[in-house]
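Undergrad: Okay, handing you the structure first.
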Amino acid sequence: MGSFIDLKSADGTVFPAYVAEPAGTPRGAVVALQEIFGVNPHIRAVADGYAEAGYLVVAPSTFHRVQAGVDLGYTEADMNAGFGLKTAVEGLPGAGVMPDIQAAIDYAARAGKVGILGFCWGGLLTWRAACTLKGLSAAVPFYGGGITAPDEVARQPKVPVMAHFGDQDHWIPLDGVEAFKKAHPEVEAHIYHANHGFNCDHRGSYDAAAAALARERTLAFLARHVG
């Protein structure tokens with residue numbers, strides 16, 4: 001089990017992050033980026049799971065600039081609330097929430113090389129981090145909503161990237177995934193027979209086989225690039 005700490009962004013913004021420590025000396029670090037539901041039990045469980053694999057894991061609250069203490073479930077009302085918060089964050093001026101993610105990376109670097117992974121909107125932020133932030137060694141977006149939009153496809157990653165998609169994901173149509181793969185042959189992209197949110201065992205779209213395989217591939221990727 002981890003605990004929350006406060007981190008400070010470059011502009012002085014203080015925000016919470018859930019930190020999960022490994023049992024022994026960290027083999028490296030992972031920044032884990034939330035979905036549109038906050039640093040909720042699922043994201044904290046993901047952080048704990050990668051900590052069990054030997055990594056120091058930092059899961060920053062990427063909603064804190066617009067609303068503190070967000071911890072949503074997966075009902076329709078939660079979905080609507082999460083979309084509203086995501087829209088508010090995406091509408092922030094300047095670099096928005098990216099400096100907070102940079103602060104999480106900088107904190108995580110005390111454990112060595114840093115990888116970043118994220119889910120849904122967090123997958124999109126993971127892609128942006130791979131293309132714009134410093135101090136990363138690898139990035140793994142899971143079903144990154146919006147990652148196949150032209151403005152995002154136009155970005156160029158500065159670190160190795162592995163991306164996970166579902167072929168039944170109506171939020172990320174397969175033709176967009178194929179266009180993304182064509183534009184970025186350097187990205188190790190995997191497509192699963194699964195829906196959006198397949199990694200989350202709190203959702204009806206959870207797919208245990210896809211989640212297990214994606215985790216296995218992610219851990220192997222992190223072992224190659226982070227430690």
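The chains in the structure tokens are called A, B, ... from first to last as shown; in each chain the residues are counted from 1, and the ligands are counted from 1 in the order shown.
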As an MDAnalysis selection string, which residues of segment 28-222 of chain A does DSSP assign to alpha helix (DSSP H)?
TA: chainID A and resid 41:52 76:90 98:108 121:132 150:153 174:183 208:222
Undergrad: Excluding same-chain residues fewer than 5 positions from Val161 of chain A, what lies within 9 Å of it counting only C-alpha atoms, as a list in words?
TA: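 In the requested form, the answer reads Trp127, Ala130, Ala138, Ala139, Val140, Pro141, Glu186, Val187, Glu188, Ala189 and Phe221 of chain A.
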Undergrad: Give me the residues within 10 Å of Pro16 of chain A as a list in words, counting only C-alpha atoms and dropping any in the same chain fewer than 2 places off.
TA: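 Residues near the query, excluding close chain neighbours: Ser3, Phe4, Ile5, Asp6, Leu7, Lys8, Val14, Tyr18, Val19, Val39, Ala59, Pro60, Ser61, Thr62, Phe63, His64, Ala68, Gly69, Asp100 and Ala104 of chain A.
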Undergrad: Write a file of the just-selected residues containing N, CA and C atoms, as a PDB file, in the first residue's frame.
TA:
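The resulting file, result.pdb, is reproduced below:
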```pdb
ATOM      1  N   SER A   3       0.909   5.793  -0.250  1.00  0.00           N
ATOM      2  CA  SER A   3       0.341   6.922   0.485  1.00  0.00           C
ATOM      3  C   SER A   3       0.469   8.165  -0.381  1.00  0.00           C
ATOM      4  N   PHE A   4      -0.294   9.181  -0.042  1.00  0.00           N
ATOM      5  CA  PHE A   4      -0.258  10.430  -0.787  1.00  0.00           C
ATOM      6  C   PHE A   4       0.798  11.377  -0.212  1.00  0.00           C
ATOM      7  N   ILE A   5       1.485  12.050  -1.110  1.00  0.00           N
ATOM      8  CA  ILE A   5       2.411  13.109  -0.744  1.00  0.00           C
ATOM      9  C   ILE A   5       2.051  14.350  -1.564  1.00  0.00           C
ATOM     10  N   ASP A   6       2.628  15.481  -1.220  1.00  0.00           N
ATOM     11  CA  ASP A   6       2.453  16.693  -2.014  1.00  0.00           C
ATOM     12  C   ASP A   6       3.700  16.935  -2.849  1.00  0.00           C
ATOM     13  N   LEU A   7       3.477  17.278  -4.119  1.00  0.00           N
ATOM     14  CA  LEU A   7       4.554  17.670  -5.015  1.00  0.00           C
ATOM     15  C   LEU A   7       4.330  19.111  -5.446  1.00  0.00           C
ATOM     16  N   LYS A   8       5.401  19.762  -5.882  1.00  0.00           N
ATOM     17  CA  LYS A   8       5.298  21.151  -6.319  1.00  0.00           C
ATOM     18  C   LYS A   8       5.727  21.273  -7.776  1.00  0.00           C
ATOM     19  N   VAL A  14       1.017  23.312  -5.845  1.00  0.00           N
ATOM     20  CA  VAL A  14       1.191  22.121  -5.020  1.00  0.00           C
ATOM     21  C   VAL A  14       0.022  21.186  -5.290  1.00  0.00           C
ATOM     22  N   TYR A  18      -0.056   9.955  -5.419  1.00  0.00           N
ATOM     23  CA  TYR A  18      -0.009   8.684  -4.698  1.00  0.00           C
ATOM     24  C   TYR A  18       1.326   8.019  -5.015  1.00  0.00           C
ATOM     25  N   VAL A  19       2.054   7.627  -3.978  1.00  0.00           N
ATOM     26  CA  VAL A  19       3.378   7.023  -4.148  1.00  0.00           C
ATOM     27  C   VAL A  19       3.373   5.621  -3.550  1.00  0.00           C
ATOM     28  N   VAL A  39      -7.334   9.794  -9.142  1.00  0.00           N
ATOM     29  CA  VAL A  39      -6.420   8.784  -8.592  1.00  0.00           C
ATOM     30  C   VAL A  39      -7.276   7.914  -7.661  1.00  0.00           C
ATOM     31  N   ALA A  59       1.811   8.402  -8.859  1.00  0.00           N
ATOM     32  CA  ALA A  59       0.577   8.651  -9.607  1.00  0.00           C
ATOM     33  C   ALA A  59       0.053  10.035  -9.246  1.00  0.00           C
ATOM     34  N   PRO A  60       0.387  11.052 -10.039  1.00  0.00           N
ATOM     35  CA  PRO A  60      -0.030  12.419  -9.706  1.00  0.00           C
ATOM     36  C   PRO A  60      -1.501  12.661 -10.010  1.00  0.00           C
ATOM     37  N   SER A  61      -2.110  13.546  -9.232  1.00  0.00           N
ATOM     38  CA  SER A  61      -3.466  13.981  -9.540  1.00  0.00           C
ATOM     39  C   SER A  61      -3.405  15.006 -10.667  1.00  0.00           C
ATOM     40  N   THR A  62      -3.910  14.613 -11.835  1.00  0.00           N
ATOM     41  CA  THR A  62      -3.888  15.541 -12.969  1.00  0.00           C
ATOM     42  C   THR A  62      -5.169  16.368 -13.060  1.00  0.00           C
ATOM     43  N   PHE A  63      -6.058  16.232 -12.077  1.00  0.00           N
ATOM     44  CA  PHE A  63      -7.261  17.063 -12.000  1.00  0.00           C
ATOM     45  C   PHE A  63      -7.130  18.188 -10.976  1.00  0.00           C
ATOM     46  N   HIS A  64      -6.061  18.180 -10.195  1.00  0.00           N
ATOM     47  CA  HIS A  64      -5.996  19.053  -9.016  1.00  0.00           C
ATOM     48  C   HIS A  64      -6.107  20.534  -9.375  1.00  0.00           C
ATOM     49  N   ALA A  68      -9.948  19.551  -6.506  1.00  0.00           N
ATOM     50  CA  ALA A  68      -9.154  18.729  -5.591  1.00  0.00           C
ATOM     51  C   ALA A  68      -9.932  17.480  -5.177  1.00  0.00           C
ATOM     52  N   GLY A  69      -9.176  16.437  -4.857  1.00  0.00           N
ATOM     53  CA  GLY A  69      -9.753  15.259  -4.232  1.00  0.00           C
ATOM     54  C   GLY A  69     -10.683  14.439  -5.099  1.00  0.00           C
ATOM     55  N   ASP A 100       2.954  19.557 -14.019  1.00  0.00           N
ATOM     56  CA  ASP A 100       2.728  18.684 -12.863  1.00  0.00           C
ATOM     57  C   ASP A 100       3.264  17.283 -13.143  1.00  0.00           C
ATOM     58  N   ALA A 104       6.277  15.152 -11.250  1.00  0.00           N
ATOM     59  CA  ALA A 104       6.193  13.749 -10.832  1.00  0.00           C
ATOM     60  C   ALA A 104       7.369  12.949 -11.376  1.00  0.00           C
TER      61      ALA A 104
END
```
Undergrad: Run DSSP on the backbone and tell me which residues of segment 6-209 of chain A come out as strand (DSSP E or B); list them as a PyMOL selection string.
TA: chain A and resi 6-8+14-20+28-33+38+55-60+71+114-119+138-142+161-166+188-192
Undergrad: Just write the chosen residues, N, CA and C atoms, as a short mmCIF file (atom, residue, chain, number, x, y, z; two decimals), in the first residue's frame.
TA:
```
data_model
loop_
_atom_site.label_atom_id
_atom_site.label_comp_id
_atom_site.auth_asym_id
_atom_site.auth_seq_id
_atom_site.Cartn_x
_atom_site.Cartn_y
_atom_site.Cartn_z
N ASP A 6 2.63 15.48 -1.22
CA ASP A 6 2.45 16.69 -2.01
C ASP A 6 3.70 16.94 -2.85
N LEU A 7 3.48 17.28 -4.12
CA LEU A 7 4.55 17.67 -5.01
C LEU A 7 4.33 19.11 -5.45
N LYS A 8 5.40 19.76 -5.88
CA LYS A 8 5.30 21.15 -6.32
C LYS A 8 5.73 21.27 -7.78
N VAL A 14 1.02 23.31 -5.85
CA VAL A 14 1.19 22.12 -5.02
C VAL A 14 0.02 21.19 -5.29
N PHE A 15 0.33 19.93 -5.54
CA PHE A 15 -0.70 18.96 -5.89
C PHE A 15 -0.35 17.60 -5.29
N PRO A 16 -1.35 16.74 -5.04
CA PRO A 16 -1.08 15.44 -4.43
C PRO A 16 -0.69 14.39 -5.46
N ALA A 17 0.07 13.42 -5.00
CA ALA A 17 0.44 12.26 -5.82
C ALA A 17 0.47 11.04 -4.91
N TYR A 18 -0.06 9.95 -5.42
CA TYR A 18 -0.01 8.68 -4.70
C TYR A 18 1.33 8.02 -5.02
N VAL A 19 2.05 7.63 -3.98
CA VAL A 19 3.38 7.02 -4.15
C VAL A 19 3.37 5.62 -3.55
N ALA A 20 3.76 4.65 -4.37
CA ALA A 20 3.87 3.26 -3.91
C ALA A 20 5.33 2.85 -3.99
N GLY A 28 13.99 1.05 -10.64
CA GLY A 28 13.70 2.22 -11.45
C GLY A 28 12.39 2.79 -10.99
N ALA A 29 11.82 3.68 -11.77
CA ALA A 29 10.58 4.34 -11.36
C ALA A 29 9.57 4.37 -12.50
N VAL A 30 8.31 4.48 -12.12
CA VAL A 30 7.20 4.59 -13.07
C VAL A 30 6.27 5.71 -12.61
N VAL A 31 5.94 6.60 -13.52
CA VAL A 31 4.87 7.57 -13.28
C VAL A 31 3.61 7.00 -13.91
N ALA A 32 2.53 6.89 -13.14
CA ALA A 32 1.27 6.32 -13.61
C ALA A 32 0.21 7.41 -13.68
N LEU A 33 -0.36 7.60 -14.87
CA LEU A 33 -1.31 8.68 -15.08
C LEU A 33 -2.75 8.17 -15.12
N GLY A 38 -9.89 10.24 -11.74
CA GLY A 38 -9.05 10.63 -10.61
C GLY A 38 -8.09 9.53 -10.19
N TYR A 55 9.25 -1.34 -8.83
CA TYR A 55 9.41 0.07 -9.20
C TYR A 55 8.85 1.02 -8.14
N LEU A 56 9.49 2.17 -7.99
CA LEU A 56 8.89 3.27 -7.26
C LEU A 56 7.84 3.86 -8.20
N VAL A 57 6.60 3.95 -7.75
CA VAL A 57 5.52 4.42 -8.62
C VAL A 57 4.92 5.70 -8.07
N VAL A 58 4.77 6.69 -8.95
CA VAL A 58 4.19 7.98 -8.58
C VAL A 58 2.98 8.23 -9.47
N ALA A 59 1.81 8.40 -8.86
CA ALA A 59 0.58 8.65 -9.61
C ALA A 59 0.05 10.04 -9.25
N PRO A 60 0.39 11.05 -10.04
CA PRO A 60 -0.03 12.42 -9.71
C PRO A 60 -1.50 12.66 -10.01
N ASP A 71 -12.14 11.41 -6.88
CA ASP A 71 -12.05 9.96 -6.72
C ASP A 71 -13.38 9.38 -7.16
N VAL A 114 13.26 6.56 -15.38
CA VAL A 114 11.82 6.72 -15.19
C VAL A 114 11.07 6.34 -16.47
N GLY A 115 10.07 5.49 -16.30
CA GLY A 115 9.12 5.22 -17.36
C GLY A 115 7.79 5.87 -16.99
N ILE A 116 6.92 6.02 -17.97
CA ILE A 116 5.60 6.60 -17.71
C ILE A 116 4.55 5.76 -18.41
N LEU A 117 3.43 5.55 -17.75
CA LEU A 117 2.31 4.84 -18.37
C LEU A 117 1.02 5.50 -17.93
N GLY A 118 -0.02 5.35 -18.74
CA GLY A 118 -1.29 5.97 -18.40
C GLY A 118 -2.43 5.33 -19.16
N PHE A 119 -3.63 5.59 -18.69
CA PHE A 119 -4.82 4.91 -19.19
C PHE A 119 -5.86 5.93 -19.64
N ALA A 138 11.11 5.69 -21.14
CA ALA A 138 10.14 4.86 -21.85
C ALA A 138 8.75 5.38 -21.55
N ALA A 139 7.79 5.06 -22.44
CA ALA A 139 6.40 5.48 -22.25
C ALA A 139 5.47 4.40 -22.76
N VAL A 140 4.36 4.19 -22.02
CA VAL A 140 3.40 3.13 -22.39
C VAL A 140 1.98 3.67 -22.22
N PRO A 141 1.39 4.22 -23.30
CA PRO A 141 -0.01 4.61 -23.23
C PRO A 141 -0.95 3.43 -23.44
N PHE A 142 -1.94 3.29 -22.56
CA PHE A 142 -3.00 2.29 -22.71
C PHE A 142 -4.24 3.01 -23.23
N VAL A 161 8.42 3.96 -27.14
CA VAL A 161 7.00 3.93 -26.77
C VAL A 161 6.41 2.57 -27.13
N MET A 162 5.63 2.02 -26.21
CA MET A 162 4.78 0.86 -26.47
C MET A 162 3.34 1.33 -26.23
N ALA A 163 2.45 1.05 -27.19
CA ALA A 163 1.06 1.49 -27.07
C ALA A 163 0.11 0.29 -27.13
N HIS A 164 -0.90 0.31 -26.27
CA HIS A 164 -1.90 -0.76 -26.21
C HIS A 164 -3.26 -0.23 -26.65
N PHE A 165 -3.91 -0.94 -27.57
CA PHE A 165 -5.23 -0.57 -28.08
C PHE A 165 -6.17 -1.78 -28.06
N GLY A 166 -7.47 -1.50 -28.07
CA GLY A 166 -8.47 -2.55 -28.19
C GLY A 166 -9.20 -2.44 -29.52
N GLU A 188 6.00 0.52 -30.66
CA GLU A 188 5.63 -0.89 -30.56
C GLU A 188 4.15 -0.95 -30.17
N ALA A 189 3.28 -1.08 -31.15
CA ALA A 189 1.84 -1.03 -30.90
C ALA A 189 1.25 -2.44 -30.86
N HIS A 190 0.37 -2.66 -29.88
CA HIS A 190 -0.31 -3.94 -29.74
C HIS A 190 -1.82 -3.71 -29.73
N ILE A 191 -2.53 -4.54 -30.47
CA ILE A 191 -3.99 -4.45 -30.55
C ILE A 191 -4.57 -5.72 -29.96
N TYR A 192 -5.51 -5.54 -29.02
CA TYR A 192 -6.13 -6.67 -28.31
C TYR A 192 -7.59 -6.80 -28.73
#
```
Undergrad: Would you mind telling me which residue in A:Ala179, A:Ala103, A:Ala194, A:Cys131 lies nearest to Ala10 of chain A when using only C-alpha atoms?
TA: A:Ala103
Undergrad: Determine the nearest neighbour of Gly122 of chain A from the options A:Ala51, A:Ala154, A:Leu213, A:Val97, counting only C-alpha atoms.
TA: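 Answer, going by the shortest atom-to-atom distance: A:Val97.
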Undergrad: Would you kindly return, as an MDAnalysis selection string, each protein, DNA or RNA residue with an atom no farther than 12 Å from any atom of Lys86 of chain A, considering only C-alpha atoms and excluding same-chain residues fewer than 4 positions away?
TA: chainID A and resid 34:38 61:67 70 79:82 90:92 96:97 120:122 124:125 145:146
Undergrad: Could you give me, as a PyMOL selection string, the residues within 10 Å of His184 of chain A, counting only C-alpha atoms and dropping anything in the same chain fewer than 6 positions from it?
TA: chain A and resi 153-157+161+178
Undergrad: So, with only C-alpha atoms as the atoms that count, which of A:Pro185, A:Val177, A:Ala53, A:Gly197 lies closest to Ala220 of chain A?
TA: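 Ranked by minimum distance to Ala220 of chain A, first place goes to A:Ala53.
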Undergrad: Given only C-alpha atoms as the basis, pick out the residue of A:Arg44, A:Arg203, A:Lys113, A:Arg128 nearest to Glu76 of chain A.
TA: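 Selected residue with least distance to Glu76 of chain A: A:Arg203.
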Undergrad: Find the residues near His193 of chain A: any atom within 10 Å, counting only C-alpha atoms, skip ones fewer than 5 places away on the same chain, and give them as a PyMOL selection string.
TA: chain A and resi 165-169+198+207+209-210
Undergrad: What does the file look like for those residues with C-alpha atoms, as a compact mmCIF listing (two decimals), in the first residue's frame?
TA:
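Produced file result-v7.txt, reproduced below:
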```
# COMPACT_ATOMS: atom_id res chain seq x y z
CA PHE A 165 -5.23 -0.57 -28.08
CA GLY A 166 -8.47 -2.55 -28.19
CA ASP A 167 -10.08 -3.52 -31.50
CA GLN A 168 -13.59 -2.99 -30.02
CA ASP A 169 -12.83 0.48 -28.65
CA PHE A 198 -9.87 -3.41 -20.74
CA ASP A 207 -10.78 -8.22 -20.11
CA ALA A 209 -6.62 -11.97 -20.69
CA ALA A 210 -5.89 -8.69 -22.47
```
Undergrad: By how many Å are atom CA of Gly2 of chain A and atom CA of Gly24 of chain A apart?
TA: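 That distance, rounded to one decimal, is 14.2 Å.
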Undergrad: For atom CA of Pro22 of chain A and atom CA of Thr126 of chain A, quote the distance in Å rounded to one decimal.
TA: 22.2 Å
Undergrad: Rounded to one decimal place, report the atom CA of Ala109 of chain A-atom CA of Glu52 of chain A distance in Å.
TA: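 Computed distance, atom CA of Ala109 of chain A to atom CA of Glu52 of chain A, equals 18.0 Å.
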